[in-house]
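Engineer: Structure: run_16.cif, mmCIF, C-alpha atoms.
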```cif
data_target
loop_
_atom_site.label_atom_id
_atom_site.label_comp_id
_atom_site.auth_asym_id
_atom_site.auth_seq_id
_atom_site.Cartn_x
_atom_site.Cartn_y
_atom_site.Cartn_z
CA MET A 4 37.88 70.88 -85.21
CA SER A 5 35.60 68.96 -82.85
CA ARG A 6 34.88 72.16 -80.92
CA VAL A 7 33.20 73.56 -84.01
CA PHE A 8 31.88 70.35 -85.57
CA LEU A 9 29.51 69.06 -82.87
CA PRO A 10 27.76 72.40 -82.11
CA THR A 11 27.47 73.03 -85.88
CA VAL A 12 25.82 69.66 -86.44
CA LEU A 13 23.41 70.24 -83.57
CA LEU A 14 22.50 73.75 -84.71
CA SER A 15 21.99 72.53 -88.29
CA LEU A 16 19.66 69.84 -87.03
CA LEU A 17 17.69 72.36 -84.97
CA ALA A 18 17.41 74.66 -88.00
CA GLY A 19 15.36 72.06 -89.85
CA CYS A 20 12.56 71.84 -87.29
CA ALA A 21 9.32 70.22 -88.49
CA ALA A 22 6.00 72.03 -88.29
CA PRO A 23 3.54 70.64 -85.72
CA LEU A 24 0.29 69.05 -86.84
CA PRO A 25 -2.79 71.31 -86.69
CA GLU A 26 -4.88 70.77 -83.57
CA ALA A 27 -8.53 69.76 -83.78
CA GLU A 28 -11.38 69.40 -81.33
CA LEU A 29 -11.81 65.64 -81.05
CA LEU A 30 -14.79 63.71 -79.73
CA ILE A 31 -12.56 60.64 -79.50
CA PRO A 32 -9.10 61.82 -78.45
CA VAL A 33 -6.40 59.15 -78.22
CA ASN A 34 -3.04 60.11 -76.77
CA ALA A 35 -0.56 59.14 -79.51
CA LYS A 36 2.38 59.81 -77.19
CA CYS A 37 1.27 57.35 -74.53
CA THR A 38 2.78 53.91 -75.02
CA THR A 39 1.33 52.28 -71.92
CA CYS A 40 -2.24 53.57 -72.18
CA GLU A 41 -5.34 51.49 -72.67
CA ASP A 42 -8.15 53.20 -74.56
CA PHE A 43 -11.67 51.89 -74.90
CA ILE A 44 -13.93 52.99 -77.74
CA ARG A 45 -17.51 51.79 -77.77
CA CYS A 46 -19.39 51.84 -81.06
CA ASP A 47 -23.14 51.22 -81.09
CA ASP A 48 -24.99 50.22 -84.22
CA SER A 49 -28.05 52.38 -84.51
CA SER A 50 -31.30 51.25 -86.09
CA GLY A 51 -32.42 54.86 -86.32
CA ASN A 52 -35.47 54.04 -84.23
CA ALA A 53 -35.01 55.05 -80.62
CA ALA A 54 -37.95 52.88 -79.56
CA VAL A 55 -36.18 49.69 -80.69
CA TYR A 56 -33.67 48.31 -78.22
CA ASP A 57 -30.56 47.21 -80.04
CA PRO A 58 -28.00 45.34 -77.96
CA THR A 59 -25.42 45.36 -80.73
CA PHE A 60 -22.15 47.09 -79.94
CA ASP A 61 -18.42 46.74 -80.53
CA LEU A 62 -15.83 47.60 -77.93
CA TYR A 63 -12.45 48.48 -79.40
CA ARG A 64 -9.68 48.11 -76.87
CA LEU A 65 -6.52 49.93 -77.93
CA GLU A 66 -3.85 48.22 -75.90
CA PRO A 67 -0.43 49.35 -74.64
CA LYS A 68 2.34 49.10 -77.20
CA GLY A 69 4.82 46.24 -77.16
CA THR A 70 8.36 46.53 -75.80
CA LEU A 71 10.01 47.23 -79.17
CA ALA A 72 7.45 49.90 -80.05
CA GLN A 73 8.03 51.48 -76.63
CA LEU A 74 11.79 51.49 -77.24
CA ALA A 75 11.24 53.13 -80.63
CA THR A 76 9.65 56.15 -78.95
CA VAL A 77 13.13 57.37 -77.92
CA TRP A 78 13.94 57.75 -81.60
CA GLU A 79 10.53 59.27 -82.34
CA PHE A 80 11.05 61.81 -79.53
CA LEU A 81 14.47 62.79 -80.91
CA ILE A 82 13.35 63.18 -84.52
CA GLN A 83 10.11 65.00 -83.69
CA LEU A 84 11.99 68.27 -84.16
CA PHE A 85 12.64 67.40 -87.80
CA TYR A 86 9.89 64.98 -88.74
CA THR A 87 6.20 65.16 -87.94
CA ARG A 88 4.71 61.74 -87.29
CA LYS A 89 1.48 61.24 -89.21
CA GLU A 90 0.35 57.85 -87.92
CA ASP A 91 0.34 55.84 -84.74
CA VAL A 92 -0.25 52.09 -84.54
CA ARG A 93 -1.64 50.35 -81.48
CA PRO A 94 -2.38 46.69 -80.73
CA LEU A 95 -6.13 46.13 -80.77
CA SER A 96 -8.70 43.69 -79.45
CA VAL A 97 -12.31 43.87 -80.59
CA TYR A 98 -15.13 42.75 -78.31
CA ALA A 99 -18.47 42.36 -80.07
CA GLN A 100 -21.95 41.86 -78.64
CA ARG A 101 -24.80 40.75 -80.90
CA PRO A 102 -28.35 39.49 -80.25
CA GLY A 103 -28.07 35.78 -79.42
CA THR A 104 -30.09 32.90 -80.80
CA THR A 105 -30.06 30.48 -77.86
CA GLU A 106 -28.89 33.06 -75.32
CA ALA A 107 -29.76 36.70 -74.73
CA PHE A 108 -26.53 37.92 -76.28
CA ALA A 109 -23.72 36.41 -78.28
CA ARG A 110 -20.35 37.83 -77.38
CA SER A 111 -17.10 37.36 -79.21
CA THR A 112 -13.52 38.55 -78.87
CA THR A 113 -10.99 39.12 -81.65
CA GLY A 114 -7.39 39.72 -80.64
CA ASP A 115 -4.11 40.28 -82.46
CA ALA A 116 -5.45 43.13 -84.56
CA GLU A 117 -4.12 46.65 -84.91
CA ALA A 118 -5.59 50.13 -84.89
CA ARG A 119 -3.96 52.69 -87.17
CA ILE A 120 -4.51 56.24 -85.99
CA ASP A 121 -4.24 58.85 -88.71
CA LEU A 122 -2.92 61.91 -86.87
CA VAL A 123 -3.65 64.23 -89.81
CA GLU A 124 -7.17 63.15 -90.83
CA HIS A 125 -8.07 62.17 -87.24
CA ARG A 126 -9.35 58.74 -88.16
CA ILE A 127 -8.85 55.39 -86.50
CA GLN A 128 -8.66 52.49 -88.89
CA VAL A 129 -9.90 49.26 -87.31
CA PRO A 130 -10.12 45.87 -89.09
CA ASP A 131 -13.57 46.28 -90.62
CA ALA A 132 -14.19 50.00 -90.42
CA TRP A 133 -12.82 53.42 -89.59
CA ILE A 134 -13.83 55.86 -86.86
CA ASP A 135 -13.93 59.61 -87.34
CA GLN A 136 -12.37 61.07 -84.19
CA VAL A 137 -13.99 64.47 -84.77
CA THR A 138 -17.62 63.38 -85.18
CA GLY A 139 -17.49 59.92 -83.55
CA GLN A 140 -19.06 58.33 -86.64
CA ARG A 141 -18.04 54.83 -87.63
CA ARG A 142 -18.03 53.91 -91.27
CA GLY A 143 -17.42 50.64 -93.04
CA ALA A 144 -14.73 50.04 -95.60
CA ASP A 145 -17.19 51.19 -98.29
CA ASN A 146 -17.93 54.39 -96.29
CA THR A 147 -21.42 53.26 -95.23
CA PRO A 148 -22.40 54.64 -91.80
CA ARG A 149 -22.13 52.04 -89.05
CA GLY A 150 -23.30 53.88 -85.98
CA LEU A 151 -21.69 56.18 -83.48
CA CYS A 152 -18.70 55.74 -81.20
CA ARG A 153 -17.61 57.26 -77.95
CA LEU A 154 -14.49 57.07 -75.85
CA LEU A 155 -15.09 55.39 -72.50
CA ASN A 156 -13.06 56.34 -69.49
CA PRO A 157 -10.65 53.50 -68.60
CA ALA A 158 -12.62 52.41 -65.52
CA GLU A 159 -15.86 52.22 -67.53
CA GLY A 160 -14.04 50.33 -70.28
CA ARG A 161 -12.58 47.75 -67.88
CA GLU A 162 -16.01 47.29 -66.33
CA LEU A 163 -17.60 46.66 -69.73
CA LEU A 164 -14.79 44.24 -70.54
CA LYS A 165 -15.94 42.02 -67.67
CA LEU A 166 -19.02 41.11 -69.74
CA PHE A 167 -16.73 39.26 -72.11
CA THR A 168 -14.92 37.28 -69.43
CA GLU A 169 -18.02 36.25 -67.51
CA GLU A 170 -20.25 33.27 -68.24
CA PRO A 171 -22.50 33.72 -71.29
CA ALA A 172 -25.75 35.51 -70.49
CA LYS A 173 -28.79 33.26 -70.28
CA GLU A 174 -31.94 33.98 -72.19
CA LYS A 175 -34.67 35.49 -70.09
CA SER A 176 -37.73 33.28 -69.59
CA MET B 6 51.91 62.58 -61.84
CA ASN B 7 48.88 60.43 -61.03
CA ALA B 8 47.93 58.19 -63.98
CA ARG B 9 44.22 58.69 -63.14
CA ALA B 10 44.56 62.39 -63.91
CA GLU B 11 45.97 61.78 -67.38
CA ILE B 12 42.69 61.67 -69.27
CA GLN B 13 43.32 62.74 -72.82
CA PRO B 14 40.88 65.16 -74.40
CA PHE B 15 38.87 64.00 -77.38
CA ARG B 16 40.32 65.00 -80.75
CA PHE B 17 39.22 63.79 -84.18
CA ALA B 18 42.91 63.65 -85.13
CA GLY B 19 43.29 60.76 -82.66
CA ILE B 20 41.60 58.50 -85.24
CA ARG B 21 44.99 58.08 -86.93
CA THR B 22 46.84 56.86 -83.84
CA ALA B 23 44.05 55.19 -81.82
CA PRO B 24 41.05 54.67 -84.11
CA ALA B 25 39.03 52.31 -81.88
CA ARG B 26 39.38 54.55 -78.81
CA THR B 27 38.58 57.70 -80.80
CA ILE B 28 35.48 56.18 -82.43
CA GLY B 29 34.33 54.77 -79.08
CA ILE B 30 34.67 58.15 -77.39
CA ALA B 31 32.97 59.89 -80.33
CA VAL B 32 29.99 57.54 -80.05
CA VAL B 33 29.68 58.10 -76.29
CA LEU B 34 29.93 61.87 -76.80
CA LEU B 35 27.31 61.71 -79.55
CA LEU B 36 25.02 59.82 -77.15
CA ARG B 37 25.66 62.53 -74.54
CA TYR B 38 24.60 65.24 -76.98
CA LEU B 39 21.55 63.24 -78.05
CA MET B 40 20.55 62.87 -74.42
CA ALA B 41 21.15 66.60 -73.90
CA LEU B 42 18.86 67.18 -76.89
CA PHE B 43 16.29 64.85 -75.36
CA PHE B 44 16.32 66.81 -72.10
CA LEU B 45 16.38 70.13 -73.99
CA GLY B 46 13.12 69.10 -75.66
CA SER B 47 11.68 68.24 -72.26
CA SER B 48 12.90 71.56 -70.76
CA LEU B 49 11.46 73.65 -73.58
CA ASN B 50 8.18 71.78 -73.36
CA LYS B 51 7.89 72.41 -69.62
CA VAL B 52 8.75 76.09 -69.93
CA ALA B 53 6.39 76.55 -72.90
CA LYS B 54 3.54 74.83 -71.05
CA GLY B 55 4.15 76.98 -67.95
CA TRP B 56 4.98 74.23 -65.46
CA LEU B 57 6.61 76.77 -63.11
CA TRP B 58 3.85 79.32 -62.98
CA SER B 59 0.60 77.47 -63.65
CA ASP B 60 -1.29 74.36 -62.55
CA TYR B 61 -0.56 72.65 -65.88
CA SER B 62 1.46 69.90 -64.17
CA ARG B 63 -1.58 69.02 -62.04
CA THR B 64 -3.64 68.64 -65.23
CA VAL B 65 -0.92 66.35 -66.65
CA PHE B 66 -0.85 64.21 -63.50
CA GLN B 67 -4.65 64.03 -63.34
CA SER B 68 -4.97 62.91 -66.94
CA ARG B 69 -2.28 60.27 -66.37
CA LEU B 70 -4.11 59.14 -63.24
CA ALA B 71 -7.27 58.67 -65.32
CA GLU B 72 -5.33 56.42 -67.69
CA LEU B 73 -3.90 54.17 -64.97
CA ASP B 74 -5.45 51.21 -63.24
CA PRO B 75 -6.32 52.57 -59.74
CA ALA B 76 -4.77 49.47 -58.14
CA THR B 77 -1.26 50.22 -59.47
CA PHE B 78 1.49 51.85 -57.43
CA GLY B 79 1.80 54.61 -60.04
CA ALA B 80 -1.86 55.58 -59.53
CA LYS B 81 -1.40 55.74 -55.76
CA PHE B 82 1.83 57.73 -56.13
CA LEU B 83 0.06 60.25 -58.35
CA SER B 84 -3.11 60.57 -56.27
CA GLN B 85 -1.45 60.65 -52.85
CA PHE B 86 1.81 62.47 -53.58
CA ALA B 87 2.26 64.07 -57.00
CA ILE B 88 -1.17 65.71 -57.32
CA PRO B 89 -1.39 67.17 -53.77
CA TRP B 90 2.21 68.40 -54.05
CA TYR B 91 2.09 69.40 -57.72
CA PRO B 92 3.73 72.88 -57.38
CA LEU B 93 6.77 71.36 -55.63
CA ILE B 94 6.97 68.46 -58.10
CA ALA B 95 6.66 70.84 -61.07
CA TRP B 96 9.54 72.98 -59.79
CA VAL B 97 11.76 70.02 -58.98
CA VAL B 98 11.11 68.33 -62.33
CA THR B 99 11.49 71.49 -64.44
CA LEU B 100 14.66 72.71 -62.71
CA SER B 101 16.11 69.20 -62.81
CA VAL B 102 15.57 68.71 -66.54
CA ILE B 103 17.09 72.15 -67.22
CA THR B 104 20.07 71.28 -64.99
CA VAL B 105 20.59 67.95 -66.78
CA THR B 106 20.38 69.68 -70.17
CA ILE B 107 23.04 72.25 -69.23
CA SER B 108 25.26 69.66 -67.56
CA LEU B 109 25.25 67.21 -70.49
CA ALA B 110 25.43 69.86 -73.22
CA LEU B 111 28.37 71.71 -71.69
CA GLY B 112 30.08 68.74 -70.04
CA LEU B 113 29.76 70.55 -66.71
CA ALA B 114 29.64 68.35 -63.59
CA THR B 115 28.71 65.70 -66.11
CA ARG B 116 28.70 62.67 -63.82
CA TRP B 117 26.38 64.49 -61.39
CA GLY B 118 24.14 65.65 -64.22
CA ALA B 119 23.88 62.07 -65.47
CA ALA B 120 23.13 60.82 -61.93
CA LEU B 121 20.37 63.46 -61.70
CA ALA B 122 19.02 62.22 -65.04
CA VAL B 123 18.90 58.63 -63.76
CA TRP B 124 17.15 59.74 -60.55
CA LEU B 125 14.60 61.76 -62.55
CA MET B 126 13.84 58.84 -64.83
CA VAL B 127 13.45 56.50 -61.84
CA MET B 128 10.95 59.00 -60.40
CA PHE B 129 9.08 59.12 -63.72
CA ALA B 130 8.87 55.31 -63.70
CA ILE B 131 7.63 55.22 -60.09
CA GLY B 132 5.14 57.98 -60.87
CA GLY B 133 3.31 55.88 -63.45
CA TYR B 134 5.26 56.90 -66.54
CA TYR B 135 7.29 53.71 -66.94
CA ASP B 136 7.75 52.28 -70.37
CA ALA B 137 10.55 50.27 -72.01
CA SER B 138 12.08 53.40 -73.56
CA LEU B 139 13.44 54.26 -70.12
CA LEU B 140 15.71 51.19 -70.17
CA PRO B 141 18.16 52.39 -72.86
CA LEU B 142 18.02 55.90 -71.41
CA TRP B 143 19.07 54.54 -68.00
CA ALA B 144 21.89 52.56 -69.61
CA ILE B 145 23.10 55.55 -71.63
CA ALA B 146 22.98 57.88 -68.61
CA GLY B 147 24.86 55.19 -66.66
CA LEU B 148 27.70 55.50 -69.21
CA PHE B 149 28.09 59.18 -68.37
CA ILE B 150 28.32 58.37 -64.66
CA VAL B 151 31.01 55.73 -65.21
CA LEU B 152 33.04 57.42 -67.97
CA PRO B 153 34.81 60.81 -67.73
CA THR B 154 32.97 62.29 -70.73
CA GLY B 155 33.14 65.82 -69.36
CA ARG B 156 36.92 65.59 -69.30
CA TRP B 157 37.04 64.11 -72.78
CA PHE B 158 35.05 67.01 -74.10
CA GLY B 159 33.49 69.68 -71.91
CA LEU B 160 34.02 72.23 -69.17
CA ASP B 161 34.89 69.53 -66.62
CA ARG B 162 38.34 69.24 -68.18
CA ARG B 163 39.23 72.88 -67.50
CA LEU B 164 37.49 72.99 -64.11
CA HIS B 165 39.11 69.76 -62.94
CA ALA B 166 42.54 71.21 -63.80
CA ARG B 167 41.68 74.25 -61.70
CA HIS B 168 40.03 72.32 -58.82
CA PRO B 169 41.62 68.84 -58.85
CA ALA B 170 40.24 67.89 -55.41
CA SER B 171 36.64 68.80 -56.24
CA PRO B 172 34.31 65.82 -56.77
CA TRP B 173 32.09 67.89 -59.07
CA PHE B 174 34.36 67.86 -62.13
CA ARG B 175 35.82 64.34 -62.06
#
```
Show me, as structure tokens, the structure contained in the file I just sent.

Structural biologist:
Amino acid sequence: MSRVFLPTVLLSLLAGCAAPLPEAELLIPVNAKCTTCEDFIRCDDSSGNAAVYDPTFDLYRLEPKGTLAQLATVWEFLIQLFYTRKEDVRPLSVYAQRPGTTEAFARSTTGDAEARIDLVEHRIQVPDAWIDQVTGQRRGADNTPRGLCRLLNPAEGRELLKLFTEEPAKEKS
Amino acid sequence: MNARAEIQPFRFAGIRTAPARTIGIAVVLLLRYLMALFFLGSSLNKVAKGWLWSDYSRTVFQSRLAELDPATFGAKFLSQFAIPWYPLIAWVVTLSVITVTISLALGLATRWGAALAVWLMVMFAIGGYYDASLLPLWAIAGLFIVLPTGRWFGLDRRLHARHPASPWFR
């Protein structure tokens, strides 16, 4: 009986293979299969006037997944034949730079957040907004445009991160 | 007759006489088939992406290198070994995953197939692809090295009877 049972179960499982998600050309690609990757997305608020210098930006740091989420990928790998994953969740820290009052810039860091990556609509949901991975546009919860985003290479991202660990910038005299 | 040679084959009917043993063996065999499925997915992916006849593996290693902190061992392993030697690595990895798939699916030289799986996964970890999901996979593959799963259910049973002195089918 077992000689027939196990191969039959395996073949039945293979018969129900899930269709892959359609591919799209993304301006902000994030590897949903990588559990140990760090991705840096920089979003700049734009005043619409190129002559006006605007120091405002947000740096979204999509961090490596936690141990349990990494363990869960074994299951996700096994069921990918039968179930197409539509979302990926990554731990997130947000680093914000704004014009300062007493100093040149005011910088803040928000940790313990999460980024939800919609693998069908190609959107990244962050705490206060969502980012269109195809166009790079960031929009607020009410869909109002909030500037443009771009994916930094990891070295560039880590370099930019140093701004937030250094001493606060002093106002120029 | 040597007691070590008296390994009983797996039969569902054994659940009546030795339920705990039968369920335990069934679970281990199910894990073996799941791992075979895991490596089958990896094999199909590598063949479909042309690892053996294109420079796709180099692209994979380069994109992983870009994701890693340059100071890590994985980054150095990729830049100084895997990328310069990518055709060799691609062949070794692809043929190894196919070998593991066949070994675990058929129960053929199962302990050796499992040992090859452990070695491959150690290489993946060293090469910058470590994550916690490798830990249960190492543990599960370790079971197939320790336990005679190929003689419970697989070609090892028949081949061991024919070649009792061979280390391949134990």

Engineer: At what distance in Å, to one decimal, does atom CA of Thr154 of chain B lie from atom CA of Ile28 of chain B?

Structural biologist: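 According to the coordinates, atom CA of Ile28 of chain B and atom CA of Thr154 of chain B are separated by 13.4 Å.
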
Engineer: Based on all atoms listed in the file, which of the residues in chain A come within 8 Å of chain B? I want them as a list in words.

Structural biologist: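 For chain A, the answer reads Met4, Ser5, Thr38, Thr39, Cys40, Glu41, Thr70, Leu71, Gln73, Leu74, Ala75, Thr76, Val77, Phe80, Leu81, Asn156, Pro157 and Ala158 of chain A.
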
Engineer: Residues around (-17.9, 53.0, -82.4), cut-off 12 Å, counting all atoms listed in the file - what are they as a compact mmCIF listing (two decimals) with C-alpha atoms, in the frame of the given file?

Structural biologist:
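Generated output (selection_37.txt):
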```txt
# COMPACT_ATOMS: atom_id res chain seq x y z
CA LEU A 30 -14.79 63.71 -79.73
CA ILE A 31 -12.56 60.64 -79.50
CA PHE A 43 -11.67 51.89 -74.90
CA ILE A 44 -13.93 52.99 -77.74
CA ARG A 45 -17.51 51.79 -77.77
CA CYS A 46 -19.39 51.84 -81.06
CA ASP A 47 -23.14 51.22 -81.09
CA ASP A 48 -24.99 50.22 -84.22
CA SER A 49 -28.05 52.38 -84.51
CA THR A 59 -25.42 45.36 -80.73
CA PHE A 60 -22.15 47.09 -79.94
CA ASP A 61 -18.42 46.74 -80.53
CA LEU A 62 -15.83 47.60 -77.93
CA TYR A 63 -12.45 48.48 -79.40
CA ARG A 64 -9.68 48.11 -76.87
CA VAL A 97 -12.31 43.87 -80.59
CA TYR A 98 -15.13 42.75 -78.31
CA ALA A 99 -18.47 42.36 -80.07
CA ARG A 126 -9.35 58.74 -88.16
CA ILE A 127 -8.85 55.39 -86.50
CA GLN A 128 -8.66 52.49 -88.89
CA VAL A 129 -9.90 49.26 -87.31
CA ASP A 131 -13.57 46.28 -90.62
CA ALA A 132 -14.19 50.00 -90.42
CA TRP A 133 -12.82 53.42 -89.59
CA ILE A 134 -13.83 55.86 -86.86
CA ASP A 135 -13.93 59.61 -87.34
CA GLN A 136 -12.37 61.07 -84.19
CA THR A 138 -17.62 63.38 -85.18
CA GLY A 139 -17.49 59.92 -83.55
CA GLN A 140 -19.06 58.33 -86.64
CA ARG A 141 -18.04 54.83 -87.63
CA ARG A 142 -18.03 53.91 -91.27
CA GLY A 143 -17.42 50.64 -93.04
CA PRO A 148 -22.40 54.64 -91.80
CA ARG A 149 -22.13 52.04 -89.05
CA GLY A 150 -23.30 53.88 -85.98
CA LEU A 151 -21.69 56.18 -83.48
CA CYS A 152 -18.70 55.74 -81.20
CA ARG A 153 -17.61 57.26 -77.95
CA LEU A 154 -14.49 57.07 -75.85
CA LEU A 155 -15.09 55.39 -72.50
```

Engineer: What is the atom CA of Gly69 of chain A-atom CA of Asp91 of chain A distance in Å, reported with one decimal?

Structural biologist: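 Computed distance, atom CA of Gly69 of chain A to atom CA of Asp91 of chain A, equals 13.0 Å.
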
Engineer: Once the PyMOL selection byres ((chain A and resi 115) around 7) has been evaluated on this model, what residues remain selected, and can you format them as an NGL selection string?

Structural biologist: :A and (94-96 or 114 or 116-117)

Engineer: Would you translate the PyMOL selection byres ((chain A and resi 166) around 12) into the concrete set of residues it matches in this file, as JSON, numbers by chain?

Structural biologist: {"A": [62, 98, 99, 100, 108, 109, 110, 111, 112, 159, 160, 161, 162, 163, 164, 165, 167, 168, 169, 170, 171, 172]}

Engineer: Residues as selected, C-alpha atoms, written as an mmCIF file, in the frame of the given file, can you do that?

Structural biologist:
```cif
data_model
loop_
_atom_site.group_PDB
_atom_site.id
_atom_site.type_symbol
_atom_site.label_atom_id
_atom_site.label_comp_id
_atom_site.auth_asym_id
_atom_site.auth_seq_id
_atom_site.Cartn_x
_atom_site.Cartn_y
_atom_site.Cartn_z
ATOM 1 C CA LEU A 62 -15.830 47.600 -77.930
ATOM 2 C CA TYR A 98 -15.130 42.750 -78.310
ATOM 3 C CA ALA A 99 -18.470 42.360 -80.070
ATOM 4 C CA GLN A 100 -21.950 41.860 -78.640
ATOM 5 C CA PHE A 108 -26.530 37.920 -76.280
ATOM 6 C CA ALA A 109 -23.720 36.410 -78.280
ATOM 7 C CA ARG A 110 -20.350 37.830 -77.380
ATOM 8 C CA SER A 111 -17.100 37.360 -79.210
ATOM 9 C CA THR A 112 -13.520 38.550 -78.870
ATOM 10 C CA GLU A 159 -15.860 52.220 -67.530
ATOM 11 C CA GLY A 160 -14.040 50.330 -70.280
ATOM 12 C CA ARG A 161 -12.580 47.750 -67.880
ATOM 13 C CA GLU A 162 -16.010 47.290 -66.330
ATOM 14 C CA LEU A 163 -17.600 46.660 -69.730
ATOM 15 C CA LEU A 164 -14.790 44.240 -70.540
ATOM 16 C CA LYS A 165 -15.940 42.020 -67.670
ATOM 17 C CA PHE A 167 -16.730 39.260 -72.110
ATOM 18 C CA THR A 168 -14.920 37.280 -69.430
ATOM 19 C CA GLU A 169 -18.020 36.250 -67.510
ATOM 20 C CA GLU A 170 -20.250 33.270 -68.240
ATOM 21 C CA PRO A 171 -22.500 33.720 -71.290
ATOM 22 C CA ALA A 172 -25.750 35.510 -70.490
#
```

Engineer: Rounded to one decimal in Å, what is the spacing between atom CA of Pro32 of chain A and atom CA of Gly132 of chain B?

Structural biologist: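 Atom CA of Pro32 of chain A sits 22.9 Å away from atom CA of Gly132 of chain B.
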
Engineer: Could you write out as number ranges by chain the residues that the PyMOL selection byres ((chain B and resi 88) around 10) matches in the shown file?

Structural biologist: B: 62-67, 70, 82-87, 89-94

Engineer: Please determine, counting all atoms listed in the file, which residue among B:Val33, B:Ala25, B:Ile131, B:Ala122 has the shortest atom-to-atom distance to Lys81 of chain B.

Structural biologist: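 The shortest atom-to-atom distance to Lys81 of chain B comes from B:Ile131.
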
Engineer: Can I get segment 73-90 of chain B with N, CA and C atoms filled in, as a PDB file, in the coordinates of the input?

Structural biologist:
```pdb
ATOM      1  N   LEU B  73      -4.482  55.304 -65.695  1.00  0.00           N
ATOM      2  CA  LEU B  73      -3.900  54.170 -64.970  1.00  0.00           C
ATOM      3  C   LEU B  73      -4.954  53.347 -64.247  1.00  0.00           C
ATOM      4  N   ASP B  74      -4.629  52.082 -64.070  1.00  0.00           N
ATOM      5  CA  ASP B  74      -5.450  51.210 -63.240  1.00  0.00           C
ATOM      6  C   ASP B  74      -5.302  51.702 -61.790  1.00  0.00           C
ATOM      7  N   PRO B  75      -6.413  51.997 -61.107  1.00  0.00           N
ATOM      8  CA  PRO B  75      -6.320  52.570 -59.740  1.00  0.00           C
ATOM      9  C   PRO B  75      -5.553  51.677 -58.763  1.00  0.00           C
ATOM     10  N   ALA B  76      -5.446  50.378 -59.068  1.00  0.00           N
ATOM     11  CA  ALA B  76      -4.770  49.470 -58.140  1.00  0.00           C
ATOM     12  C   ALA B  76      -3.238  49.553 -58.241  1.00  0.00           C
ATOM     13  N   THR B  77      -2.716  50.217 -59.275  1.00  0.00           N
ATOM     14  CA  THR B  77      -1.260  50.220 -59.470  1.00  0.00           C
ATOM     15  C   THR B  77      -0.578  51.213 -58.527  1.00  0.00           C
ATOM     16  N   PHE B  78       0.725  50.965 -58.292  1.00  0.00           N
ATOM     17  CA  PHE B  78       1.490  51.850 -57.430  1.00  0.00           C
ATOM     18  C   PHE B  78       1.562  53.259 -58.033  1.00  0.00           C
ATOM     19  N   GLY B  79       1.716  53.317 -59.354  1.00  0.00           N
ATOM     20  CA  GLY B  79       1.800  54.610 -60.040  1.00  0.00           C
ATOM     21  C   GLY B  79       0.574  55.474 -59.764  1.00  0.00           C
ATOM     22  N   ALA B  80      -0.612  54.836 -59.786  1.00  0.00           N
ATOM     23  CA  ALA B  80      -1.860  55.580 -59.530  1.00  0.00           C
ATOM     24  C   ALA B  80      -1.880  56.115 -58.108  1.00  0.00           C
ATOM     25  N   LYS B  81      -1.421  55.298 -57.170  1.00  0.00           N
ATOM     26  CA  LYS B  81      -1.400  55.740 -55.760  1.00  0.00           C
ATOM     27  C   LYS B  81      -0.376  56.854 -55.568  1.00  0.00           C
ATOM     28  N   PHE B  82       0.781  56.714 -56.226  1.00  0.00           N
ATOM     29  CA  PHE B  82       1.830  57.730 -56.130  1.00  0.00           C
ATOM     30  C   PHE B  82       1.302  59.070 -56.640  1.00  0.00           C
ATOM     31  N   LEU B  83       0.593  59.019 -57.769  1.00  0.00           N
ATOM     32  CA  LEU B  83       0.060  60.250 -58.350  1.00  0.00           C
ATOM     33  C   LEU B  83      -1.022  60.868 -57.457  1.00  0.00           C
ATOM     34  N   SER B  84      -1.961  60.024 -57.010  1.00  0.00           N
ATOM     35  CA  SER B  84      -3.110  60.570 -56.270  1.00  0.00           C
ATOM     36  C   SER B  84      -2.725  61.033 -54.856  1.00  0.00           C
ATOM     37  N   GLN B  85      -1.761  60.328 -54.241  1.00  0.00           N
ATOM     38  CA  GLN B  85      -1.450  60.650 -52.850  1.00  0.00           C
ATOM     39  C   GLN B  85      -0.225  61.546 -52.673  1.00  0.00           C
ATOM     40  N   PHE B  86       0.598  61.649 -53.724  1.00  0.00           N
ATOM     41  CA  PHE B  86       1.810  62.470 -53.580  1.00  0.00           C
ATOM     42  C   PHE B  86       1.924  63.546 -54.665  1.00  0.00           C
ATOM     43  N   ALA B  87       1.971  63.111 -55.928  1.00  0.00           N
ATOM     44  CA  ALA B  87       2.260  64.070 -57.000  1.00  0.00           C
ATOM     45  C   ALA B  87       1.170  65.130 -57.167  1.00  0.00           C
ATOM     46  N   ILE B  88      -0.094  64.726 -57.091  1.00  0.00           N
ATOM     47  CA  ILE B  88      -1.170  65.710 -57.320  1.00  0.00           C
ATOM     48  C   ILE B  88      -1.297  66.676 -56.138  1.00  0.00           C
ATOM     49  N   PRO B  89      -1.322  66.195 -54.870  1.00  0.00           N
ATOM     50  CA  PRO B  89      -1.390  67.170 -53.770  1.00  0.00           C
ATOM     51  C   PRO B  89      -0.171  68.107 -53.727  1.00  0.00           C
ATOM     52  N   TRP B  90       0.978  67.613 -54.131  1.00  0.00           N
ATOM     53  CA  TRP B  90       2.210  68.400 -54.050  1.00  0.00           C
ATOM     54  C   TRP B  90       2.655  68.910 -55.422  1.00  0.00           C
TER      55      TRP B  90
END
```
